[in-house]
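File shown: protein24.cif (mmCIF, C-alpha atoms).
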data_target
#
loop_
_atom_site.label_atom_id
_atom_site.label_comp_id
_atom_site.auth_asym_id
_atom_site.auth_seq_id
_atom_site.Cartn_x
_atom_site.Cartn_y
_atom_site.Cartn_z
CA MET R 1 -23.33 -2.00 -1.03
CA ILE R 2 -22.93 -4.56 1.73
CA ILE R 3 -21.49 -3.24 5.00
CA PHE R 4 -19.50 -5.65 7.15
CA ASP R 5 -19.25 -3.85 10.49
CA THR R 6 -18.46 -6.85 12.70
CA ILE R 7 -16.52 -10.07 12.41
CA LYS R 8 -19.76 -11.96 12.99
CA THR R 9 -21.64 -10.35 10.08
CA TYR R 10 -18.76 -11.15 7.72
CA SER R 11 -18.42 -14.73 8.94
CA GLU R 12 -22.14 -15.47 8.76
CA PHE R 13 -22.48 -13.92 5.31
CA PHE R 14 -20.07 -16.57 4.00
CA LYS R 15 -21.72 -19.34 6.06
CA ASN R 16 -18.95 -19.68 8.66
CA LYS R 17 -19.16 -20.06 12.41
CA THR R 18 -17.75 -17.13 14.40
CA LEU R 19 -14.97 -18.59 16.54
CA HIS R 20 -13.96 -15.32 18.21
CA PRO R 21 -15.78 -11.94 18.28
CA LEU R 22 -12.67 -10.00 17.23
CA ILE R 23 -10.88 -12.40 14.88
CA ASN R 24 -11.89 -15.29 12.65
CA TYR R 25 -10.60 -17.48 9.84
CA VAL R 26 -13.30 -17.62 7.18
CA ASP R 27 -13.49 -20.28 4.48
CA LEU R 28 -15.08 -18.40 1.58
CA ASN R 29 -15.67 -21.68 -0.28
CA LYS R 30 -18.50 -22.47 2.18
CA SER R 31 -20.52 -19.56 0.87
CA ASP R 32 -23.63 -19.90 -1.23
CA VAL R 33 -23.44 -18.74 -4.83
CA ILE R 34 -23.84 -14.94 -4.71
CA PRO R 35 -23.74 -11.94 -7.06
CA ARG R 36 -20.48 -10.02 -7.27
CA HIS R 37 -20.91 -6.92 -5.15
CA LYS R 38 -19.26 -3.92 -3.55
CA ALA R 39 -18.68 -4.05 0.19
CA ARG R 40 -17.32 -1.86 2.96
CA ILE R 41 -15.18 -3.74 5.46
CA ASP R 42 -14.80 -2.03 8.85
CA PHE R 43 -11.89 -4.18 10.03
CA TYR R 44 -8.65 -5.72 8.75
CA ALA R 45 -8.89 -8.57 6.25
CA ILE R 46 -6.21 -10.79 4.75
CA ILE R 47 -7.67 -12.75 1.86
CA THR R 48 -5.76 -15.63 0.30
CA LYS R 49 -6.87 -16.64 -3.18
CA GLU R 50 -6.04 -19.98 -4.73
CA THR R 51 -5.91 -19.44 -8.47
CA LEU R 52 -6.69 -23.11 -9.08
CA CYS R 53 -10.19 -22.46 -7.72
CA GLY R 54 -11.11 -20.19 -10.60
CA GLU R 55 -10.15 -16.99 -12.32
CA PHE R 56 -8.71 -14.36 -9.99
CA ARG R 57 -10.42 -11.33 -11.39
CA TYR R 58 -10.55 -7.81 -10.00
CA GLY R 59 -11.10 -5.29 -12.75
CA ASN R 60 -8.83 -5.90 -15.71
CA LYS R 61 -5.71 -6.61 -13.67
CA SER R 62 -3.74 -9.78 -14.27
CA TYR R 63 -1.21 -11.55 -12.08
CA ASP R 64 2.12 -13.12 -12.88
CA TYR R 65 2.23 -15.88 -10.22
CA SER R 66 0.19 -19.06 -10.33
CA ASP R 67 0.73 -20.17 -6.74
CA GLY R 68 -1.79 -17.86 -5.12
CA SER R 69 -2.20 -14.29 -3.99
CA MET R 70 -2.80 -12.43 -0.73
CA ILE R 71 -4.89 -9.27 -0.57
CA PHE R 72 -4.66 -6.96 2.45
CA ILE R 73 -7.60 -4.72 3.29
CA GLY R 74 -7.57 -2.04 5.98
CA PRO R 75 -10.60 -0.86 7.99
CA ASN R 76 -13.33 1.09 6.20
CA GLN R 77 -12.11 0.27 2.70
CA ILE R 78 -14.55 -0.40 -0.11
CA VAL R 79 -13.80 -3.42 -2.26
CA GLY R 80 -15.59 -5.31 -4.98
CA SER R 81 -15.09 -7.84 -7.73
CA GLU R 82 -16.19 -7.35 -11.30
CA PRO R 83 -18.38 -7.52 -13.28
CA GLU R 84 -20.80 -6.40 -10.58
CA GLY R 85 -23.96 -8.47 -10.36
CA GLU R 86 -22.47 -11.58 -11.98
CA ILE R 87 -23.35 -14.75 -10.06
CA HIS R 88 -20.25 -16.54 -8.79
CA GLN R 89 -18.98 -18.91 -6.14
CA PRO R 90 -16.62 -17.16 -3.67
CA TYR R 91 -13.36 -19.00 -3.10
CA GLY R 92 -10.28 -18.64 -0.96
CA LYS R 93 -9.73 -17.99 2.75
CA ALA R 94 -9.95 -14.81 4.80
CA LEU R 95 -8.36 -13.94 8.12
CA VAL R 96 -10.36 -11.02 9.51
CA PHE R 97 -9.59 -9.14 12.72
CA HIS R 98 -11.07 -6.07 14.37
CA PRO R 99 -8.89 -3.07 15.36
CA ASP R 100 -10.08 -3.58 18.96
CA LEU R 101 -8.16 -6.88 19.05
CA ILE R 102 -4.80 -5.12 18.79
CA LYS R 103 -5.68 -1.95 20.69
CA GLY R 104 -3.10 -1.30 23.41
CA THR R 105 -0.71 -3.96 22.09
CA ASN R 106 2.67 -3.57 20.42
CA LEU R 107 1.06 -4.59 17.13
CA GLY R 108 -1.55 -1.89 17.58
CA LYS R 109 1.20 0.71 17.87
CA LEU R 110 3.03 -0.59 14.81
CA ILE R 111 0.15 -1.58 12.53
CA HIS R 112 0.67 1.59 10.45
CA GLU R 113 4.07 0.24 9.42
CA TYR R 114 2.38 -2.58 7.51
CA THR R 115 1.62 -0.28 4.61
CA PHE R 116 0.36 -3.12 2.41
CA PHE R 117 -3.06 -2.76 4.09
CA SER R 118 -3.44 0.34 1.92
CA TYR R 119 -2.25 -1.23 -1.32
CA GLU R 120 -4.62 -1.59 -4.26
CA LEU R 121 -6.05 -5.00 -5.13
CA HIS R 122 -3.78 -5.36 -8.17
CA GLU R 123 -0.75 -4.85 -5.88
CA SER R 124 -1.40 -8.11 -4.06
CA LEU R 125 1.29 -10.37 -2.66
CA HIS R 126 2.06 -13.38 -4.88
CA LEU R 127 3.24 -16.37 -2.87
CA SER R 128 5.65 -19.11 -3.78
CA ASP R 129 4.89 -22.64 -2.58
CA ARG R 130 7.34 -22.34 0.32
CA GLU R 131 5.94 -18.98 1.37
CA ARG R 132 2.44 -20.40 1.25
CA GLU R 133 3.51 -23.16 3.66
CA ILE R 134 4.79 -20.56 6.12
CA VAL R 135 1.60 -18.52 5.84
CA ASP R 136 -0.54 -21.63 6.35
CA HIS R 137 1.49 -22.52 9.45
CA CYS R 138 0.78 -19.07 10.92
CA TYR R 139 -2.90 -19.51 10.11
CA THR R 140 -2.92 -22.92 11.82
CA ASN R 141 -1.54 -21.42 15.05
CA ILE R 142 -4.13 -18.64 15.02
CA ILE R 143 -6.99 -21.03 14.30
CA SER R 144 -5.83 -23.27 17.14
CA GLU R 145 -5.97 -20.36 19.59
CA ILE R 146 -9.36 -18.99 18.55
CA SER R 147 -10.90 -22.48 18.48
CA GLN R 148 -10.38 -23.16 22.18
CA ASN R 149 -11.81 -21.57 25.30
CA ILE R 150 -10.57 -18.04 25.92
CA ASP R 151 -8.25 -17.63 28.92
CA LYS R 152 -5.84 -14.94 30.17
CA HIS R 153 -3.20 -16.03 27.65
CA SER R 154 -5.45 -16.09 24.57
CA LYS R 155 -5.16 -12.49 23.43
CA LYS R 156 -1.37 -12.35 23.79
CA LEU R 157 -0.91 -15.59 21.86
CA ILE R 158 -3.37 -14.64 19.13
CA VAL R 159 -1.81 -11.20 18.63
CA ALA R 160 1.72 -12.64 18.76
CA ASN R 161 0.91 -15.12 15.98
CA LEU R 162 -0.86 -12.41 14.00
CA GLU R 163 2.18 -10.15 14.29
CA LEU R 164 4.42 -13.02 13.17
CA LEU R 165 2.24 -13.50 10.08
CA LEU R 166 2.48 -9.80 9.18
CA LYS R 167 6.25 -9.82 9.63
CA TYR R 168 6.52 -12.73 7.21
CA CYS R 169 4.28 -10.88 4.75
CA SER R 170 6.61 -7.87 4.95
CA ARG R 171 9.54 -10.14 4.13
CA PHE R 172 7.66 -11.70 1.22
CA TYR R 173 6.80 -8.27 -0.19
CA ASP R 174 10.49 -7.33 -0.01
CA ARG R 175 11.23 -10.49 -1.98
CA GLN R 176 8.53 -9.61 -4.49
CA PHE R 177 10.01 -6.17 -5.11
CA ILE R 178 13.31 -7.93 -5.92
CA THR R 179 11.94 -10.75 -8.09
CA ARG R 180 9.86 -8.28 -10.10
CA GLU R 181 12.83 -5.96 -10.59
CA HIS R 182 12.41 -5.88 -14.38
CA VAL R 183 8.87 -4.54 -13.93
CA ASN R 184 9.87 -2.15 -11.16
CA TYR R 185 12.77 -0.71 -13.13
CA GLY R 186 10.36 0.33 -15.85
CA LEU R 187 8.17 2.06 -13.28
CA ILE R 188 11.12 3.97 -11.83
CA GLU R 189 12.07 5.10 -15.33
CA GLN R 190 8.49 6.25 -15.92
CA PHE R 191 8.47 8.03 -12.55
CA GLU R 192 11.67 9.90 -13.42
CA GLN R 193 10.32 10.87 -16.82
CA LYS R 194 7.03 12.10 -15.36
CA ILE R 195 8.90 14.21 -12.80
CA ASN R 196 11.00 15.79 -15.53
CA ASP R 197 7.93 16.42 -17.69
CA TYR R 198 6.16 18.07 -14.76
CA LEU R 199 9.10 20.20 -13.60
CA TRP R 200 9.93 21.49 -17.07
CA SER R 201 6.33 22.34 -17.97
CA GLU R 202 3.76 24.94 -16.97
CA HIS R 203 2.35 22.49 -14.41
CA LEU R 204 4.92 23.59 -11.84
CA THR R 205 4.00 27.27 -12.00
CA LEU R 206 0.27 26.73 -12.42
CA ASN R 207 -0.34 23.84 -10.03
CA GLY R 208 2.50 24.11 -7.53
CA LEU R 209 4.85 21.46 -6.24
CA PRO R 210 3.81 17.89 -7.08
CA ASN R 211 3.33 15.34 -4.29
CA VAL R 212 3.90 11.61 -4.14
CA ALA R 213 0.20 10.83 -4.52
CA TYR R 214 0.12 12.67 -7.86
CA PHE R 215 2.81 10.47 -9.42
CA ALA R 216 1.38 7.31 -7.85
CA GLN R 217 -1.93 8.08 -9.52
CA GLU R 218 -0.17 8.79 -12.82
CA LEU R 219 1.43 5.34 -12.63
CA HIS R 220 -1.83 3.66 -11.50
CA LEU R 221 -0.44 2.61 -8.13
CA SER R 222 -1.50 3.24 -4.56
CA ALA R 223 0.58 5.88 -2.77
CA ASN R 224 1.86 3.38 -0.20
CA TYR R 225 2.86 0.71 -2.72
CA PHE R 226 4.49 3.33 -4.91
CA GLY R 227 6.40 4.82 -1.96
CA ASP R 228 7.61 1.40 -0.81
CA LEU R 229 8.65 0.48 -4.36
CA VAL R 230 10.69 3.66 -4.87
CA LYS R 231 12.38 3.21 -1.48
CA LYS R 232 13.33 -0.40 -2.28
CA GLU R 233 14.62 0.44 -5.77
CA THR R 234 16.46 3.73 -5.13
CA GLY R 235 17.21 3.79 -1.41
CA LYS R 236 15.38 7.12 -1.25
CA SER R 237 11.80 7.96 -0.44
CA ALA R 238 9.60 9.08 -3.34
CA LEU R 239 9.50 12.59 -1.85
CA GLU R 240 13.31 12.71 -1.61
CA PHE R 241 13.49 11.59 -5.24
CA ILE R 242 11.12 14.39 -6.28
CA HIS R 243 13.12 16.94 -4.28
CA LEU R 244 16.40 15.88 -5.93
CA LYS R 245 14.90 16.46 -9.36
CA LEU R 246 13.39 19.76 -8.23
CA LEU R 247 16.77 20.84 -6.92
CA GLU R 248 18.36 20.25 -10.34
CA VAL R 249 15.83 22.60 -11.91
CA ALA R 250 16.16 25.11 -9.07
CA LYS R 251 19.96 25.34 -9.40
CA GLU R 252 19.69 26.08 -13.11
CA ARG R 253 17.03 28.75 -12.69
CA VAL R 254 18.76 30.42 -9.76
CA LEU R 255 21.73 31.06 -12.05
CA ASP R 256 19.50 33.10 -14.37
CA SER R 257 20.47 36.57 -13.09
CA THR R 258 17.72 38.24 -15.12
CA LYS R 259 15.19 36.99 -12.56
CA SER R 260 14.92 37.70 -8.86
CA ILE R 261 14.97 34.87 -6.35
CA SER R 262 11.29 35.62 -5.66
CA GLU R 263 10.43 35.18 -9.34
CA VAL R 264 12.34 31.90 -9.44
CA SER R 265 10.57 30.62 -6.33
CA TYR R 266 7.12 31.31 -7.82
CA GLU R 267 8.12 29.65 -11.11
CA LEU R 268 9.14 26.57 -9.11
CA GLY R 269 5.73 26.34 -7.46
CA PHE R 270 6.60 27.73 -4.03
CA LYS R 271 3.89 29.95 -2.54
CA TYR R 272 6.38 32.00 -0.56
CA PRO R 273 10.00 32.91 -1.46
CA GLN R 274 11.16 32.22 2.09
CA HIS R 275 9.96 28.62 1.75
CA PHE R 276 12.07 28.22 -1.39
CA THR R 277 15.09 29.81 0.30
CA ARG R 278 14.75 27.44 3.26
CA PHE R 279 14.38 24.41 0.97
CA PHE R 280 17.38 25.40 -1.14
CA LYS R 281 19.64 26.09 1.83
CA GLN R 282 18.72 22.79 3.49
CA LYS R 283 19.66 20.88 0.34
CA VAL R 284 22.64 22.87 -0.93
CA GLY R 285 24.08 24.42 2.22
CA VAL R 286 23.88 28.01 1.00
CA SER R 287 21.02 30.35 0.12
CA PRO R 288 19.93 30.78 -3.52
CA LEU R 289 21.47 34.26 -3.60
CA GLU R 290 24.78 32.97 -2.21
CA TYR R 291 24.75 30.12 -4.75
CA ARG R 292 24.22 32.62 -7.56
CA GLY R 293 27.12 34.73 -6.29
CA VAL R 294 29.70 31.93 -6.25
CA ASN R 295 28.68 30.51 -9.61
#
Please express what this file holds, its structure, as structure tokens.
Amino acid sequence: MIIFDTIKTYSEFFKNKTLHPLINYVDLNKSDVIPRHKARIDFYAIITKETLCGEFRYGNKSYDYSDGSMIFIGPNQIVGSEPEGEIHQPYGKALVFHPDLIKGTNLGKLIHEYTFFSYELHESLHLSDREREIVDHCYTNIISEISQNIDKHSKKLIVANLELLLKYCSRFYDRQFITREHVNYGLIEQFEQKINDYLWSEHLTLNGLPNVAYFAQELHLSANYFGDLVKKETGKSALEFIHLKLLEVAKERVLDSTKSISEVSYELGFKYPQHFTRFFKQKVGVSPLEYRGVN
């Protein structure tokens, strides 16, 4: 595995000059022919792939846009193209920036809101021609700043343009969720079915309450992408969606007077009956015992 721990090591690996120690725009096309490999990247990377330059191949995933794709990689993630060891010519462009660049800035405080840095490679952002123009304009402004002598204004201007780029990317992802609605609707249906299967099976009693990460994995999505998708499609968080389905099951089982509330709580995956009582009262407005009494 190759470890890229600084902006300089990454830039030099792909035969690019390091314009700034904490941020650089790297033309991957300048690289020598190299074997496909795994790498750990200790900083943020935004990689733009032009599909016209060759096959965009990461695993067996395919893409439904031909204009290009953007991949977002957060610090300390391990990435790699397949098949490993195959000789290939890298292509595309990469904007890489170190966490130290945004430390103490507004962007540094809000960077966690850009959840796409934790998306999987196959959840990349597919750009239209117009969106690509906007992205390229943001890149041009950043390159202009890092190419000149550093002064007291440099950091603020670089970070401001970087933040603008990320805001546009958030907008474009929102658009992508909408334009791929037919695909997303199928995923929401699958999500709902998997929740029902889980809640009405032995899994609930044996394994406890399911979390968002479990269903994301079942649907072969990253937890962040999955959470954002559910929120966009349903207006509710994935956890809220799970809780609504759990509540439907809970109401039905609470009405079974042959079982105590404690027995029901354990069947529903709660470790402690008081936790179930608190959950039920928060959602319904009355305790499970009160609900049983009025129904």
Determine the residue membership of the PyMOL selection byres ((chain R and resi 45) around 8) for the file above and supply it as a PyMOL selection string. chain R and resi 41+43-44+46-47+71-74+94-97
Practice prompt. Quick one: everything within 12 Å of R:Ile87, counting all atoms listed in the file, minus sequence neighbours fewer than 2 positions away in the same chain. Send it as number ranges by chain.
Written response: R: 32-37, 81-85, 89-90
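With distances restricted to all atoms listed in the file, R:Thr115 is the closest residue to R:Tyr225 from R:Ser201, R:Gln148, R:Thr115, R:Asn16.
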**Request:** Show which residues sit within 12 Å of stretch 6-11 of chain R, as an MDAnalysis selection string. Count all atoms listed in the file, and ignore same-chain residues fewer than 5 positions away.
**Result:** chainID R and resid 16:31 39:45 75:76 93:101
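Put simply, atom CA of R:Ala250 is 16.8 Å away from atom CA of R:Asn211.
Every residue that the PyMOL selection byres ((chain R and resi 152-167) around 8) selects in this file is listed here: Leu101, Ile102, Leu107, Tyr114, Val135, Cys138, Tyr139, Asn141, Ile142, Glu145, Ile146, Ile150, Asp151, Tyr168, Cys169, Ser170 and Arg171 of chain R.
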Counting only C-alpha atoms, which residues of stretch 225-253 of chain R sit at most 12 Å from some atom of stretch 116-129 of chain R, and what is each one's closest atom pair with its distance in Å to one decimal, listed by chain and rising residue number, as JSON lines?
{"residue": "R:Tyr225", "atom": "CA", "partner": "R:Tyr119", "partner_atom": "CA", "distance": 5.6}
{"residue": "R:Phe226", "atom": "CA", "partner": "R:Tyr119", "partner_atom": "CA", "distance": 8.9}
{"residue": "R:Gly227", "atom": "CA", "partner": "R:Tyr119", "partner_atom": "CA", "distance": 10.6}
{"residue": "R:Asp228", "atom": "CA", "partner": "R:Phe116", "partner_atom": "CA", "distance": 9.1}
{"residue": "R:Leu229", "atom": "CA", "partner": "R:Glu123", "partner_atom": "CA", "distance": 10.9}
Given only C-alpha atoms, how would the per-residue table for stretch 136-217 of chain R near stretch 251-264 of chain R read, listing every residue at most 12 Å away with its closest atom pair and distance in Å to one decimal, sorted by chain and number, as JSON lines?
{"residue": "R:Leu199", "atom": "CA", "partner": "R:Arg253", "partner_atom": "CA", "distance": 11.7}
{"residue": "R:Trp200", "atom": "CA", "partner": "R:Arg253", "partner_atom": "CA", "distance": 11.1}
{"residue": "R:Leu204", "atom": "CA", "partner": "R:Val264", "partner_atom": "CA", "distance": 11.4}
{"residue": "R:Thr205", "atom": "CA", "partner": "R:Val264", "partner_atom": "CA", "distance": 9.9}
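With atom CA of R:Leu110 on one side and atom CA of R:Asn224 on the other, the separation reads 15.6 Å.
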For R:Phe279, the closest of R:His243, R:Ser147, R:Tyr266, R:Ser237 counting only C-alpha atoms is R:His243
Could you tell me how far atom CA of R:Thr48 sits from atom CA of R:Ile178, in Å to one decimal place?
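These two atoms are separated by 21.5 Å.
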Enumerate, as an mmCIF file with C-alpha atoms, keeping the file's coordinate frame, the residues matched when the PyMOL selection byres ((chain R and resi 280) around 12) is run on the file above.
data_model
loop_
_atom_site.group_PDB
_atom_site.id
_atom_site.type_symbol
_atom_site.label_atom_id
_atom_site.label_comp_id
_atom_site.auth_asym_id
_atom_site.auth_seq_id
_atom_site.Cartn_x
_atom_site.Cartn_y
_atom_site.Cartn_z
ATOM 1 C CA HIS R 243 13.120 16.940 -4.280
ATOM 2 C CA LEU R 244 16.400 15.880 -5.930
ATOM 3 C CA LEU R 246 13.390 19.760 -8.230
ATOM 4 C CA LEU R 247 16.770 20.840 -6.920
ATOM 5 C CA GLU R 248 18.360 20.250 -10.340
ATOM 6 C CA VAL R 249 15.830 22.600 -11.910
ATOM 7 C CA ALA R 250 16.160 25.110 -9.070
ATOM 8 C CA LYS R 251 19.960 25.340 -9.400
ATOM 9 C CA VAL R 254 18.760 30.420 -9.760
ATOM 10 C CA ILE R 261 14.970 34.870 -6.350
ATOM 11 C CA VAL R 264 12.340 31.900 -9.440
ATOM 12 C CA SER R 265 10.570 30.620 -6.330
ATOM 13 C CA LEU R 268 9.140 26.570 -9.110
ATOM 14 C CA PHE R 270 6.600 27.730 -4.030
ATOM 15 C CA PRO R 273 10.000 32.910 -1.460
ATOM 16 C CA GLN R 274 11.160 32.220 2.090
ATOM 17 C CA HIS R 275 9.960 28.620 1.750
ATOM 18 C CA PHE R 276 12.070 28.220 -1.390
ATOM 19 C CA THR R 277 15.090 29.810 0.300
ATOM 20 C CA ARG R 278 14.750 27.440 3.260
ATOM 21 C CA PHE R 279 14.380 24.410 0.970
ATOM 22 C CA LYS R 281 19.640 26.090 1.830
ATOM 23 C CA GLN R 282 18.720 22.790 3.490
ATOM 24 C CA LYS R 283 19.660 20.880 0.340
ATOM 25 C CA VAL R 284 22.640 22.870 -0.930
ATOM 26 C CA GLY R 285 24.080 24.420 2.220
ATOM 27 C CA VAL R 286 23.880 28.010 1.000
ATOM 28 C CA SER R 287 21.020 30.350 0.120
ATOM 29 C CA PRO R 288 19.930 30.780 -3.520
ATOM 30 C CA LEU R 289 21.470 34.260 -3.600
ATOM 31 C CA GLU R 290 24.780 32.970 -2.210
ATOM 32 C CA TYR R 291 24.750 30.120 -4.750
ATOM 33 C CA ARG R 292 24.220 32.620 -7.560
#
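With only C-alpha atoms as the atoms that count, the minimum distance from R:Glu202 to the choices R:Ile188, R:Glu267, R:Ile134, R:Phe177 is reached by R:Glu267.
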Completion step: stretch 28-51 of chain R with N, CA and C atoms as a PDB file, keeping the file's coordinate frame:
ATOM      1  N   LEU R  28     -14.127 -19.002   2.521  1.00  0.00           N
ATOM      2  CA  LEU R  28     -15.080 -18.400   1.580  1.00  0.00           C
ATOM      3  C   LEU R  28     -15.732 -19.446   0.679  1.00  0.00           C
ATOM      4  N   ASN R  29     -15.117 -20.612   0.565  1.00  0.00           N
ATOM      5  CA  ASN R  29     -15.670 -21.680  -0.280  1.00  0.00           C
ATOM      6  C   ASN R  29     -16.990 -22.222   0.264  1.00  0.00           C
ATOM      7  N   LYS R  30     -17.248 -21.983   1.578  1.00  0.00           N
ATOM      8  CA  LYS R  30     -18.500 -22.470   2.180  1.00  0.00           C
ATOM      9  C   LYS R  30     -19.702 -21.618   1.797  1.00  0.00           C
ATOM     10  N   SER R  31     -19.456 -20.483   1.202  1.00  0.00           N
ATOM     11  CA  SER R  31     -20.520 -19.560   0.870  1.00  0.00           C
ATOM     12  C   SER R  31     -21.470 -20.118  -0.180  1.00  0.00           C
ATOM     13  N   ASP R  32     -22.700 -19.627  -0.142  1.00  0.00           N
ATOM     14  CA  ASP R  32     -23.630 -19.900  -1.230  1.00  0.00           C
ATOM     15  C   ASP R  32     -23.153 -19.143  -2.475  1.00  0.00           C
ATOM     16  N   VAL R  33     -23.692 -19.512  -3.615  1.00  0.00           N
ATOM     17  CA  VAL R  33     -23.440 -18.740  -4.830  1.00  0.00           C
ATOM     18  C   VAL R  33     -24.096 -17.374  -4.673  1.00  0.00           C
ATOM     19  N   ILE R  34     -23.340 -16.312  -4.934  1.00  0.00           N
ATOM     20  CA  ILE R  34     -23.840 -14.940  -4.710  1.00  0.00           C
ATOM     21  C   ILE R  34     -23.451 -14.046  -5.879  1.00  0.00           C
ATOM     22  N   PRO R  35     -24.142 -12.897  -6.018  1.00  0.00           N
ATOM     23  CA  PRO R  35     -23.740 -11.940  -7.060  1.00  0.00           C
ATOM     24  C   PRO R  35     -22.459 -11.214  -6.626  1.00  0.00           C
ATOM     25  N   ARG R  36     -21.623 -10.861  -7.588  1.00  0.00           N
ATOM     26  CA  ARG R  36     -20.480 -10.020  -7.270  1.00  0.00           C
ATOM     27  C   ARG R  36     -20.997  -8.663  -6.804  1.00  0.00           C
ATOM     28  N   HIS R  37     -20.354  -8.109  -5.785  1.00  0.00           N
ATOM     29  CA  HIS R  37     -20.910  -6.920  -5.150  1.00  0.00           C
ATOM     30  C   HIS R  37     -19.794  -6.036  -4.612  1.00  0.00           C
ATOM     31  N   LYS R  38     -20.168  -4.815  -4.273  1.00  0.00           N
ATOM     32  CA  LYS R  38     -19.260  -3.920  -3.550  1.00  0.00           C
ATOM     33  C   LYS R  38     -19.554  -4.067  -2.056  1.00  0.00           C
ATOM     34  N   ALA R  39     -18.503  -3.912  -1.257  1.00  0.00           N
ATOM     35  CA  ALA R  39     -18.680  -4.050   0.190  1.00  0.00           C
ATOM     36  C   ALA R  39     -17.730  -3.118   0.920  1.00  0.00           C
ATOM     37  N   ARG R  40     -18.193  -2.626   2.068  1.00  0.00           N
ATOM     38  CA  ARG R  40     -17.320  -1.860   2.960  1.00  0.00           C
ATOM     39  C   ARG R  40     -16.961  -2.756   4.127  1.00  0.00           C
ATOM     40  N   ILE R  41     -15.656  -2.879   4.387  1.00  0.00           N
ATOM     41  CA  ILE R  41     -15.180  -3.740   5.460  1.00  0.00           C
ATOM     42  C   ILE R  41     -14.607  -2.859   6.564  1.00  0.00           C
ATOM     43  N   ASP R  42     -15.178  -2.926   7.754  1.00  0.00           N
ATOM     44  CA  ASP R  42     -14.800  -2.030   8.850  1.00  0.00           C
ATOM     45  C   ASP R  42     -13.694  -2.588   9.743  1.00  0.00           C
ATOM     46  N   PHE R  43     -12.959  -3.573   9.236  1.00  0.00           N
ATOM     47  CA  PHE R  43     -11.890  -4.180  10.030  1.00  0.00           C
ATOM     48  C   PHE R  43     -10.792  -4.628   9.070  1.00  0.00           C
ATOM     49  N   TYR R  44      -9.739  -5.225   9.594  1.00  0.00           N
ATOM     50  CA  TYR R  44      -8.650  -5.720   8.750  1.00  0.00           C
ATOM     51  C   TYR R  44      -9.039  -7.076   8.154  1.00  0.00           C
ATOM     52  N   ALA R  45      -8.636  -7.280   6.908  1.00  0.00           N
ATOM     53  CA  ALA R  45      -8.890  -8.570   6.250  1.00  0.00           C
ATOM     54  C   ALA R  45      -7.674  -8.967   5.424  1.00  0.00           C
ATOM     55  N   ILE R  46      -7.277 -10.215   5.567  1.00  0.00           N
ATOM     56  CA  ILE R  46      -6.210 -10.790   4.750  1.00  0.00           C
ATOM     57  C   ILE R  46      -6.836 -11.938   3.977  1.00  0.00           C
ATOM     58  N   ILE R  47      -6.974 -11.763   2.680  1.00  0.00           N
ATOM     59  CA  ILE R  47      -7.670 -12.750   1.860  1.00  0.00           C
ATOM     60  C   ILE R  47      -6.658 -13.482   0.984  1.00  0.00           C
ATOM     61  N   THR R  48      -6.662 -14.797   1.098  1.00  0.00           N
ATOM     62  CA  THR R  48      -5.760 -15.630   0.300  1.00  0.00           C
ATOM     63  C   THR R  48      -6.575 -16.302  -0.792  1.00  0.00           C
ATOM     64  N   LYS R  49      -6.174 -16.064  -2.034  1.00  0.00           N
ATOM     65  CA  LYS R  49      -6.870 -16.640  -3.180  1.00  0.00           C
ATOM     66  C   LYS R  49      -6.057 -17.770  -3.785  1.00  0.00           C
ATOM     67  N   GLU R  50      -6.691 -18.893  -4.022  1.00  0.00           N
ATOM     68  CA  GLU R  50      -6.040 -19.980  -4.730  1.00  0.00           C
ATOM     69  C   GLU R  50      -6.475 -19.904  -6.186  1.00  0.00           C
ATOM     70  N   THR R  51      -5.536 -19.635  -7.068  1.00  0.00           N
ATOM     71  CA  THR R  51      -5.910 -19.440  -8.470  1.00  0.00           C
ATOM     72  C   THR R  51      -6.465 -20.704  -9.114  1.00  0.00           C
TER      73      THR R  51
END
